$ cat final-v9.txt   # compact mmCIF, C-alpha atoms and all ligand atoms
# COMPACT_ATOMS: atom_id res chain seq x y z
CA MET A 477 0.00 0.00 0.00
CA ARG A 478 2.85 2.36 0.89
CA GLN A 479 4.54 1.71 -2.46
CA GLU A 480 1.29 2.33 -4.33
CA VAL A 481 0.74 5.60 -2.42
CA ASP A 482 4.34 6.74 -2.97
CA ASP A 483 3.99 6.09 -6.72
CA ILE A 484 0.79 8.15 -6.85
CA HIS A 485 2.38 11.04 -4.95
CA ARG A 486 5.55 10.90 -7.07
CA GLN A 487 3.40 11.38 -10.15
CA GLY A 488 1.66 14.35 -8.52
CA GLY A 489 -1.65 12.48 -8.08
CA THR A 490 -4.19 13.13 -5.34
CA ILE A 491 -5.90 10.49 -3.19
CA ALA A 492 -9.44 10.27 -1.88
CA PHE A 493 -9.89 7.62 0.81
CA VAL A 494 -12.93 5.76 2.11
CA PRO A 495 -12.20 3.66 5.20
CA THR A 496 -14.78 0.88 5.71
CA MET A 497 -15.42 -2.40 7.48
CA GLY A 498 -16.80 -3.92 4.25
CA PHE A 499 -20.09 -5.70 3.49
CA PHE A 500 -20.96 -2.84 1.17
CA HIS A 501 -24.37 -1.30 0.60
CA GLU A 502 -25.49 1.84 -1.23
CA GLY A 503 -24.27 4.00 1.69
CA HIS A 504 -20.69 2.86 1.10
CA LEU A 505 -21.08 3.32 -2.65
CA ALA A 506 -22.26 6.90 -2.09
CA LEU A 507 -19.01 7.58 -0.18
CA MET A 508 -17.00 6.07 -3.02
CA ARG A 509 -18.86 8.02 -5.73
CA GLU A 510 -18.24 11.24 -3.83
CA GLY A 511 -14.59 10.29 -3.37
CA ARG A 512 -14.26 9.56 -7.08
CA LYS A 513 -15.17 13.20 -7.81
CA ARG A 514 -12.69 14.65 -5.35
CA ALA A 515 -9.32 13.18 -6.37
CA ASP A 516 -7.46 11.39 -9.18
CA ASN A 517 -7.14 8.19 -7.18
CA LEU A 518 -9.72 6.50 -5.01
CA ILE A 519 -8.59 4.08 -2.33
CA VAL A 520 -10.97 2.09 -0.12
CA SER A 521 -9.90 0.07 2.91
CA ILE A 522 -11.79 -2.92 4.23
CA PHE A 523 -10.79 -3.79 7.76
CA VAL A 524 -13.07 -5.07 10.52
CA ASN A 525 -11.21 -3.31 13.30
CA PRO A 526 -11.06 -5.42 16.47
CA THR A 527 -10.21 -2.50 18.78
CA GLN A 528 -13.54 -0.73 18.23
CA PHE A 529 -15.67 -3.72 19.31
CA GLY A 530 -16.51 -4.32 22.97
CA PRO A 531 -16.02 -7.84 24.43
CA SER A 532 -19.75 -8.67 24.09
CA GLU A 533 -20.15 -7.06 20.67
CA ASP A 534 -20.37 -8.62 17.21
CA PHE A 535 -16.73 -8.61 16.03
CA LYS A 536 -16.75 -12.33 15.18
CA SER A 537 -20.17 -12.34 13.53
CA TYR A 538 -19.81 -9.00 11.71
CA PRO A 539 -20.86 -9.74 8.09
CA ARG A 540 -18.00 -10.20 5.63
CA ASP A 541 -17.97 -10.85 1.86
CA LEU A 542 -14.71 -9.71 0.30
CA ASP A 543 -15.32 -10.95 -3.27
CA ARG A 544 -18.66 -9.17 -3.47
CA ASP A 545 -17.17 -6.01 -1.94
CA ILE A 546 -14.30 -5.92 -4.44
CA ALA A 547 -16.72 -6.31 -7.37
CA MET A 548 -18.94 -3.50 -6.00
CA ALA A 549 -15.96 -1.21 -5.42
CA HIS A 550 -14.77 -1.89 -8.96
CA SER A 551 -18.23 -0.99 -10.33
CA VAL A 552 -17.98 2.56 -8.95
CA GLY A 553 -14.41 3.16 -10.12
CA VAL A 554 -12.33 2.41 -7.01
CA ASP A 555 -8.65 2.14 -7.99
CA CYS A 556 -7.39 0.17 -5.06
CA VAL A 557 -8.92 -1.85 -2.22
CA PHE A 558 -6.67 -2.15 0.83
CA THR A 559 -7.43 -5.18 3.02
CA PRO A 560 -4.82 -5.40 5.75
CA ALA A 561 -4.72 -8.37 8.12
CA ALA A 562 -5.43 -7.74 11.81
CA ASP A 563 -1.90 -8.73 12.88
CA ALA A 564 -0.41 -6.35 10.30
CA MET A 565 -2.45 -3.42 11.64
CA TYR A 566 -1.83 -4.37 15.28
CA GLU A 567 1.58 -5.98 15.51
CA GLU A 568 2.61 -7.75 18.68
CA GLY A 569 3.52 -5.12 21.26
CA HIS A 570 1.25 -2.44 19.79
CA GLN A 571 0.47 0.04 22.56
CA THR A 572 -0.34 3.42 21.03
CA TYR A 573 -3.94 4.67 20.95
CA VAL A 574 -5.68 7.90 20.00
CA ASP A 575 -8.05 9.10 22.71
CA LEU A 576 -10.26 12.18 22.58
CA THR A 577 -11.12 13.66 25.94
CA GLY A 578 -14.60 15.10 25.32
CA LEU A 579 -16.53 14.04 22.23
CA PRO A 580 -16.65 10.31 23.07
CA ASN A 581 -18.39 11.09 26.40
CA HIS A 582 -21.77 11.42 24.69
CA LEU A 583 -24.28 9.38 22.67
CA CYS A 584 -22.81 6.04 21.52
CA GLY A 585 -19.61 6.54 23.52
CA LEU A 586 -21.59 6.07 26.76
CA SER A 587 -22.90 2.62 25.89
CA ARG A 588 -19.83 1.53 23.90
CA PRO A 589 -16.86 2.35 26.15
CA GLY A 590 -13.59 2.29 24.19
CA HIS A 591 -15.36 2.23 20.83
CA PHE A 592 -14.21 5.66 19.66
CA ARG A 593 -10.70 5.07 20.94
CA GLY A 594 -10.57 2.09 18.59
CA VAL A 595 -12.10 4.10 15.74
CA ALA A 596 -9.78 7.10 16.15
CA THR A 597 -6.75 4.83 16.45
CA VAL A 598 -7.46 2.79 13.34
CA VAL A 599 -8.46 5.83 11.28
CA ALA A 600 -5.23 7.61 12.29
CA LYS A 601 -3.20 4.53 11.36
CA LEU A 602 -5.00 4.17 8.01
CA PHE A 603 -4.48 7.88 7.28
CA HIS A 604 -0.75 7.45 7.89
CA ILE A 605 -0.59 4.51 5.50
CA VAL A 606 -2.85 5.84 2.73
CA LYS A 607 -1.83 9.53 3.02
CA PRO A 608 -5.00 10.90 1.41
CA GLN A 609 -5.83 14.53 0.70
CA VAL A 610 -9.54 13.83 1.26
CA ALA A 611 -11.33 11.20 3.40
CA LEU A 612 -15.05 10.49 3.35
CA PHE A 613 -17.32 9.35 6.20
CA GLY A 614 -21.08 8.74 6.38
CA GLU A 615 -23.30 11.04 8.41
CA LYS A 616 -25.18 8.04 9.83
CA ASP A 617 -22.22 7.60 12.19
CA TYR A 618 -22.48 11.28 13.03
CA GLN A 619 -20.46 11.09 16.24
CA GLN A 620 -17.69 9.23 14.42
CA LEU A 621 -17.59 11.96 11.77
CA VAL A 622 -17.29 14.73 14.37
CA ILE A 623 -14.60 12.78 16.23
CA VAL A 624 -12.54 12.13 13.08
CA ARG A 625 -12.78 15.84 12.16
CA ARG A 626 -11.61 16.86 15.62
CA MET A 627 -8.77 14.33 15.59
CA ALA A 628 -7.57 15.47 12.15
CA GLN A 629 -7.53 19.06 13.35
CA ASP A 630 -5.96 18.32 16.74
CA LEU A 631 -3.20 16.14 15.26
CA ASN A 632 -2.48 18.58 12.40
CA MET A 633 -3.39 16.05 9.73
CA ASP A 634 -3.53 17.81 6.40
CA ILE A 635 -6.65 15.93 5.28
CA THR A 636 -10.07 17.31 4.32
CA ILE A 637 -12.77 15.30 6.08
CA VAL A 638 -16.00 15.13 4.08
CA GLY A 639 -19.35 14.02 5.53
CA VAL A 640 -21.78 12.31 3.13
CA PRO A 641 -25.55 12.26 3.78
CA ILE A 642 -27.29 9.11 5.02
CA VAL A 643 -28.52 6.73 2.32
CA ARG A 644 -31.87 5.12 3.09
CA GLU A 645 -33.88 2.12 1.92
CA PRO A 646 -36.99 3.08 -0.09
CA ASP A 647 -39.11 3.02 3.12
CA GLY A 648 -36.62 5.19 5.03
CA LEU A 649 -34.53 2.73 7.06
CA ALA A 650 -30.94 4.00 7.15
CA MET A 651 -28.63 1.59 5.32
CA SER A 652 -26.35 -0.38 7.62
CA SER A 653 -24.39 -3.60 7.27
CA ARG A 654 -26.10 -4.66 10.51
CA ASN A 655 -29.60 -4.53 8.92
CA THR A 656 -28.79 -7.99 7.62
CA TYR A 657 -29.22 -9.34 11.20
CA LEU A 658 -32.93 -8.35 11.34
CA THR A 659 -35.79 -10.86 11.11
CA PRO A 660 -38.83 -9.75 9.02
CA GLU A 661 -40.68 -8.63 12.19
CA GLN A 662 -37.61 -6.73 13.45
CA ARG A 663 -37.14 -5.15 10.04
CA ARG A 664 -40.67 -3.70 10.37
CA SER A 665 -39.92 -2.39 13.87
CA ALA A 666 -36.60 -0.93 12.69
CA LEU A 667 -38.53 1.58 10.61
CA ALA A 668 -39.56 3.22 13.90
CA LEU A 669 -36.16 4.95 14.02
CA TYR A 670 -36.72 6.87 10.79
CA GLU A 671 -40.42 7.43 11.50
CA SER A 672 -39.52 8.89 14.90
CA LEU A 673 -37.10 11.35 13.29
CA LYS A 674 -39.85 12.45 10.88
CA LEU A 675 -42.24 12.87 13.82
CA ALA A 676 -39.73 15.08 15.61
CA ARG A 677 -39.13 17.19 12.50
CA GLU A 678 -42.91 17.72 12.19
CA ARG A 679 -43.16 18.80 15.83
CA VAL A 680 -40.30 21.29 15.41
CA ALA A 681 -41.83 22.59 12.18
CA ARG A 682 -44.99 23.30 14.20
CA GLY A 683 -43.05 25.40 16.66
CA ILE A 684 -42.19 22.98 19.49
CA THR A 685 -38.67 23.80 20.68
CA ASP A 686 -38.55 22.04 24.05
CA ALA A 687 -36.01 19.20 23.67
CA THR A 688 -37.42 17.19 26.61
CA SER A 689 -40.90 16.93 25.13
CA ILE A 690 -39.46 15.89 21.74
CA ILE A 691 -37.28 13.25 23.43
CA GLU A 692 -40.26 11.90 25.41
CA GLU A 693 -42.45 11.65 22.35
CA VAL A 694 -39.76 10.01 20.21
CA THR A 695 -38.96 7.50 23.00
CA ALA A 696 -42.63 6.57 23.44
CA PHE A 697 -43.11 6.21 19.69
CA ILE A 698 -40.12 3.86 19.31
CA GLY A 699 -41.17 1.92 22.43
CA SER A 700 -44.57 1.15 20.89
CA HIS A 701 -42.88 -1.10 18.30
CA ALA A 702 -42.24 -4.83 18.85
CA GLN A 703 -38.82 -5.97 20.12
CA THR A 704 -37.43 -2.44 20.53
CA LYS A 705 -35.39 -1.18 23.47
CA THR A 706 -34.18 2.40 23.33
CA ASP A 707 -30.52 2.92 24.22
CA TYR A 708 -30.72 6.72 23.90
CA VAL A 709 -32.70 9.51 22.32
CA ALA A 710 -30.79 12.79 22.52
CA VAL A 711 -30.95 16.34 21.20
CA VAL A 712 -27.46 17.79 21.08
CA ASP A 713 -25.33 20.57 19.67
CA PRO A 714 -24.06 19.25 16.29
CA GLN A 715 -20.48 20.38 16.98
CA THR A 716 -19.91 19.73 20.68
CA LEU A 717 -22.52 16.93 21.11
CA GLU A 718 -23.55 18.58 24.43
CA ALA A 719 -27.26 18.22 25.24
CA VAL A 720 -29.44 21.21 24.38
CA ASP A 721 -32.65 22.16 26.21
CA ARG A 722 -34.15 24.36 23.55
CA ILE A 723 -34.03 23.85 19.78
CA ASP A 724 -33.40 27.50 18.90
CA SER A 725 -30.62 26.72 16.42
CA PRO A 726 -30.03 23.61 14.24
CA SER A 727 -29.66 20.69 16.65
CA LEU A 728 -28.88 17.03 16.15
CA LEU A 729 -31.53 14.48 17.13
CA ALA A 730 -29.73 11.15 17.49
CA VAL A 731 -31.28 7.80 18.38
CA ALA A 732 -29.84 4.38 19.20
CA VAL A 733 -32.23 1.48 19.56
CA TRP A 734 -31.89 -2.24 20.15
CA VAL A 735 -34.17 -4.13 17.80
CA GLY A 736 -33.93 -7.69 19.12
CA LYS A 737 -30.17 -8.23 19.48
CA THR A 738 -29.23 -5.63 16.86
CA ARG A 739 -28.29 -2.11 17.84
CA LEU A 740 -29.28 0.47 15.19
CA ILE A 741 -28.60 4.21 15.05
CA ASP A 742 -30.03 7.10 13.05
CA ASN A 743 -30.06 10.89 13.25
CA THR A 744 -31.35 14.08 11.71
CA ILE A 745 -30.84 17.80 12.09
CA LEU A 746 -33.80 19.62 13.68
CA SER A 747 -34.00 23.20 12.43
CA PRO A 748 -36.33 25.64 14.15
O1 LIG A 801 -17.51 3.42 9.99
C1 LIG A 801 -16.80 2.40 9.92
O2 LIG A 801 -17.04 1.49 9.11
C2 LIG A 801 -15.62 2.24 10.85
O3 LIG A 801 -15.91 2.74 12.10
C3 LIG A 801 -14.31 2.82 10.29
C4 LIG A 801 -14.40 4.33 10.09
C5 LIG A 801 -13.96 2.15 8.98
C6 LIG A 801 -13.16 2.56 11.28
O4 LIG A 801 -12.98 1.20 11.48
$ encode --input "final-v9.txt" --output "structure tokens"
Amino acid sequence: MRQEVDDIHRQGGTIAFVPTMGFFHEGHLALMREGRKRADNLIVSIFVNPTQFGPSEDFKSYPRDLDRDIAMAHSVGVDCVFTPAADAMYEEGHQTYVDLTGLPNHLCGLSRPGHFRGVATVVAKLFHIVKPQVALFGEKDYQQLVIVRRMAQDLNMDITIVGVPIVREPDGLAMSSRNTYLTPEQRRSALALYESLKLARERVARGITDATSIIEEVTAFIGSHAQTKTDYVAVVDPQTLEAVDRIDSPSLLAVAVWVGKTRLIDNTILSP
């Protein structure tokens, strides 16, 4: 990978980079299509990163299909797919991590301790290997996007971080590799996430600005669907991720919900 990157740079080429954990869907392809427009070379990594999974999470069962992924990447003009092995990314004796002190203490960071440390670490490592000018991340993982932006700024990485809007199924469910875990009944319940965001947007459009009442209504709506258990419903500042009481400027509504054994997330901006 280093040789490939050095060759590109020697020829004065630019690199757009999409880091992924594979098992591609239209959301990943949207990142790649956007990357294609932003540089001469498009590199995608596929690496199911062990350090961002908790001990009781789905690292082992995370869906994988490398042949299919490579064919899909090829179909949208990816030049190079980087698939490092776990022991190449984390050699014996590895002990350096990237930790942010504030942004992970909200939303998903509270129920997934260590998750963003693993994400920031692997993204920093991948950036050092791939040396891109531009890197693209999906807005579905909104907290991840904010954390990567902060890290790039704090560590003086000369990389433009681009957020790409959420891609949804025709009925509104946000695309996720984990949707594949859902049974037909759970798939119906999973739509509650998107429907709840629409409900909140309607309320705000009608002039409700009290975050607590929006959170209560969204939580009750999701809870009325079979096999759901809400992890969090939060209204936060889109930059700092601190909770807001009043939606008097654009605010992020973020939800995380267990549907059966699958944890799904979604979000939207609420604009008064
Ligand atoms: O969003 C993901 O798929 C992962 O968190 C990432 C950014 C590839 C890091 O492992």
$ atom_distance --input "final-v9.txt" --atom1 "atom CA of A:Thr496" --atom2 "atom CA of A:Val711"
27.2 Å
$ closest_residue --input "final-v9.txt" --among "A:Val606, A:Ala710, A:Ala650, A:Ile635" --to "A:Glu693" --atoms "all atoms listed in the file"
A:Ala710
$ atom_distance --input "final-v9.txt" --atom1 "atom CA of A:Gly590" --atom2 "atom CA of A:Val574"
10.6 Å
$ atom_distance --input "final-v9.txt" --atom1 "atom O2 of ligand LIG 801 (chain A)" --atom2 "atom CA of A:Val694"
26.7 Å
$ residues_around --input "final-v9.txt" --residues "A:Thr527" --least-positions-apart "4" --cutoff "10 Å" --atoms "only C-alpha atoms" --output "list of chain:residue names"
A:Pro531, A:Phe535, A:Ala562, A:Tyr566, A:Tyr573, A:Gly590, A:His591, A:Phe592, A:Arg593, A:Gly594, A:Val595, A:Ala596, A:Thr597, A:Val598
$ residues_around --input "final-v9.txt" --residues "stretch 707-709 of chain A" --least-positions-apart "4" --cutoff "9 Å" --atoms "only C-alpha atoms" --output "VMD selection string"
chain A and resid 583 to 584 587 691 to 692 694 to 695 729 to 734 739
$ residues_near_point --input "final-v9.txt" --point "(-32.8, 24.0, 31.9)" --cutoff "10 Å" --atoms "only C-alpha atoms" --output "ChimeraX atom specification"
/A:686,688,720-722
$ residues_near_ligand --input "final-v9.txt" --ligand "ligand LIG 801 (chain A)" --cutoff "10 Å" --atoms "all atoms listed in the file" --output "VMD selection string"
chain A and resid 494 to 500 504 520 to 529 591 to 592 594 to 600 602 612 to 618 620 to 621 624 652 to 653
$ closest_residue --input "final-v9.txt" --among "A:Met477, A:Ile690, A:Ala506, A:Leu746" --to "A:Arg644" --atoms "only C-alpha atoms"
A:Ala506
$ residues_near_point --input "final-v9.txt" --point "(-5.1, 18.5, 4.6)" --cutoff "12 Å" --atoms "all atoms listed in the file" --output "JSON, numbers by chain"
{"A": [490, 491, 492, 603, 607, 608, 609, 610, 611, 625, 628, 629, 631, 632, 633, 634, 635, 636, 637, 638]}
$ closest_residue --input "final-v9.txt" --among "A:Pro726, A:Gly736, A:Gly639, A:Pro714" --to "A:Ser665" --atoms "all atoms listed in the file"
A:Gly736
$ closest_residue --input "final-v9.txt" --among "A:Ser689, A:Gln619, A:Gln479, A:Gln703" --to "A:Arg664" --atoms "only C-alpha atoms"
A:Gln703
$ closest_residue --input "final-v9.txt" --among "A:Glu567, A:Glu671, A:Asp713, A:Asp541" --to "A:Val622" --atoms "only C-alpha atoms"
A:Asp713
$ closest_residue --input "final-v9.txt" --among "A:Leu518, A:Ile623, A:Ile642, A:Leu669" --to "A:Ile741" --atoms "only C-alpha atoms"
A:Leu669
$ axis_aligned_box --input "final-v9.txt" --around "stretch 528-543 of chain A" --padding-each-side "8 Å" --output "lines of an AutoDock Vina configuration file"
center_x = -17.2
center_y = -6.5
center_z = 10.6
size_x = 23.3
size_y = 27.6
size_z = 43.7
$ decode --input "final-v9.txt" --residues "stretch 545-566 of chain A" --atoms "N, CA, C and O atoms" --output "mmCIF file, in the first residue's frame"
data_model
loop_
_atom_site.group_PDB
_atom_site.id
_atom_site.type_symbol
_atom_site.label_atom_id
_atom_site.label_comp_id
_atom_site.auth_asym_id
_atom_site.auth_seq_id
_atom_site.Cartn_x
_atom_site.Cartn_y
_atom_site.Cartn_z
ATOM 1 N N ASP A 545 -17.598 -7.394 -2.199
ATOM 2 C CA ASP A 545 -17.169 -6.014 -1.942
ATOM 3 C C ASP A 545 -16.230 -5.509 -3.040
ATOM 4 O O ASP A 545 -16.370 -4.383 -3.523
ATOM 5 N N ILE A 546 -15.281 -6.352 -3.428
ATOM 6 C CA ILE A 546 -14.302 -5.917 -4.440
ATOM 7 C C ILE A 546 -15.018 -5.645 -5.766
ATOM 8 O O ILE A 546 -14.748 -4.642 -6.428
ATOM 9 N N ALA A 547 -15.970 -6.515 -6.123
ATOM 10 C CA ALA A 547 -16.723 -6.309 -7.371
ATOM 11 C C ALA A 547 -17.524 -5.005 -7.300
ATOM 12 O O ALA A 547 -17.557 -4.216 -8.254
ATOM 13 N N MET A 548 -18.150 -4.739 -6.137
ATOM 14 C CA MET A 548 -18.945 -3.502 -6.001
ATOM 15 C C MET A 548 -18.044 -2.269 -6.062
ATOM 16 O O MET A 548 -18.377 -1.267 -6.700
ATOM 17 N N ALA A 549 -16.894 -2.349 -5.416
ATOM 18 C CA ALA A 549 -15.959 -1.215 -5.418
ATOM 19 C C ALA A 549 -15.510 -0.939 -6.850
ATOM 20 O O ALA A 549 -15.467 0.210 -7.301
ATOM 21 N N HIS A 550 -15.199 -2.010 -7.566
ATOM 22 C CA HIS A 550 -14.768 -1.887 -8.962
ATOM 23 C C HIS A 550 -15.850 -1.183 -9.788
ATOM 24 O O HIS A 550 -15.545 -0.326 -10.619
ATOM 25 N N SER A 551 -17.120 -1.528 -9.518
ATOM 26 C CA SER A 551 -18.229 -0.990 -10.335
ATOM 27 C C SER A 551 -18.397 0.527 -10.172
ATOM 28 O O SER A 551 -19.018 1.165 -11.013
ATOM 29 N N VAL A 552 -17.870 1.101 -9.098
ATOM 30 C CA VAL A 552 -17.980 2.557 -8.947
ATOM 31 C C VAL A 552 -16.614 3.254 -9.134
ATOM 32 O O VAL A 552 -16.446 4.407 -8.753
ATOM 33 N N GLY A 553 -15.661 2.527 -9.709
ATOM 34 C CA GLY A 553 -14.414 3.160 -10.121
ATOM 35 C C GLY A 553 -13.352 3.277 -9.045
ATOM 36 O O GLY A 553 -12.473 4.152 -9.135
ATOM 37 N N VAL A 554 -13.397 2.401 -8.036
ATOM 38 C CA VAL A 554 -12.332 2.411 -7.014
ATOM 39 C C VAL A 554 -11.039 1.885 -7.654
ATOM 40 O O VAL A 554 -11.063 0.891 -8.378
ATOM 41 N N ASP A 555 -9.920 2.554 -7.388
ATOM 42 C CA ASP A 555 -8.649 2.143 -7.994
ATOM 43 C C ASP A 555 -7.967 1.045 -7.197
ATOM 44 O O ASP A 555 -7.249 0.225 -7.747
ATOM 45 N N CYS A 556 -8.176 1.079 -5.890
ATOM 46 C CA CYS A 556 -7.387 0.173 -5.061
ATOM 47 C C CYS A 556 -8.167 -0.152 -3.788
ATOM 48 O O CYS A 556 -8.684 0.746 -3.125
ATOM 49 N N VAL A 557 -8.278 -1.436 -3.465
ATOM 50 C CA VAL A 557 -8.922 -1.852 -2.217
ATOM 51 C C VAL A 557 -7.834 -2.394 -1.303
ATOM 52 O O VAL A 557 -7.118 -3.328 -1.669
ATOM 53 N N PHE A 558 -7.715 -1.789 -0.146
ATOM 54 C CA PHE A 558 -6.665 -2.145 0.826
ATOM 55 C C PHE A 558 -7.301 -3.010 1.913
ATOM 56 O O PHE A 558 -8.239 -2.573 2.589
ATOM 57 N N THR A 559 -6.815 -4.246 2.068
ATOM 58 C CA THR A 559 -7.432 -5.177 3.018
ATOM 59 C C THR A 559 -6.362 -5.737 3.957
ATOM 60 O O THR A 559 -5.968 -6.892 3.827
ATOM 61 N N PRO A 560 -5.895 -4.909 4.876
ATOM 62 C CA PRO A 560 -4.822 -5.396 5.753
ATOM 63 C C PRO A 560 -5.307 -6.491 6.713
ATOM 64 O O PRO A 560 -6.488 -6.527 7.067
ATOM 65 N N ALA A 561 -4.400 -7.345 7.114
ATOM 66 C CA ALA A 561 -4.720 -8.367 8.120
ATOM 67 C C ALA A 561 -4.630 -7.735 9.512
ATOM 68 O O ALA A 561 -3.903 -6.759 9.713
ATOM 69 N N ALA A 562 -5.389 -8.315 10.462
ATOM 70 C CA ALA A 562 -5.429 -7.740 11.811
ATOM 71 C C ALA A 562 -4.040 -7.688 12.444
ATOM 72 O O ALA A 562 -3.671 -6.713 13.100
ATOM 73 N N ASP A 563 -3.218 -8.736 12.220
ATOM 74 C CA ASP A 563 -1.903 -8.729 12.876
ATOM 75 C C ASP A 563 -0.891 -7.834 12.154
ATOM 76 O O ASP A 563 0.200 -7.596 12.658
ATOM 77 N N ALA A 564 -1.270 -7.348 10.961
ATOM 78 C CA ALA A 564 -0.415 -6.350 10.301
ATOM 79 C C ALA A 564 -0.766 -4.955 10.827
ATOM 80 O O ALA A 564 0.118 -4.116 11.009
ATOM 81 N N MET A 565 -2.047 -4.720 11.108
ATOM 82 C CA MET A 565 -2.454 -3.416 11.642
ATOM 83 C C MET A 565 -2.055 -3.290 13.109
ATOM 84 O O MET A 565 -1.697 -2.207 13.571
ATOM 85 N N TYR A 566 -2.193 -4.386 13.851
ATOM 86 C CA TYR A 566 -1.832 -4.374 15.282
ATOM 87 C C TYR A 566 -0.759 -5.438 15.511
ATOM 88 O O TYR A 566 -1.060 -6.584 15.844
#
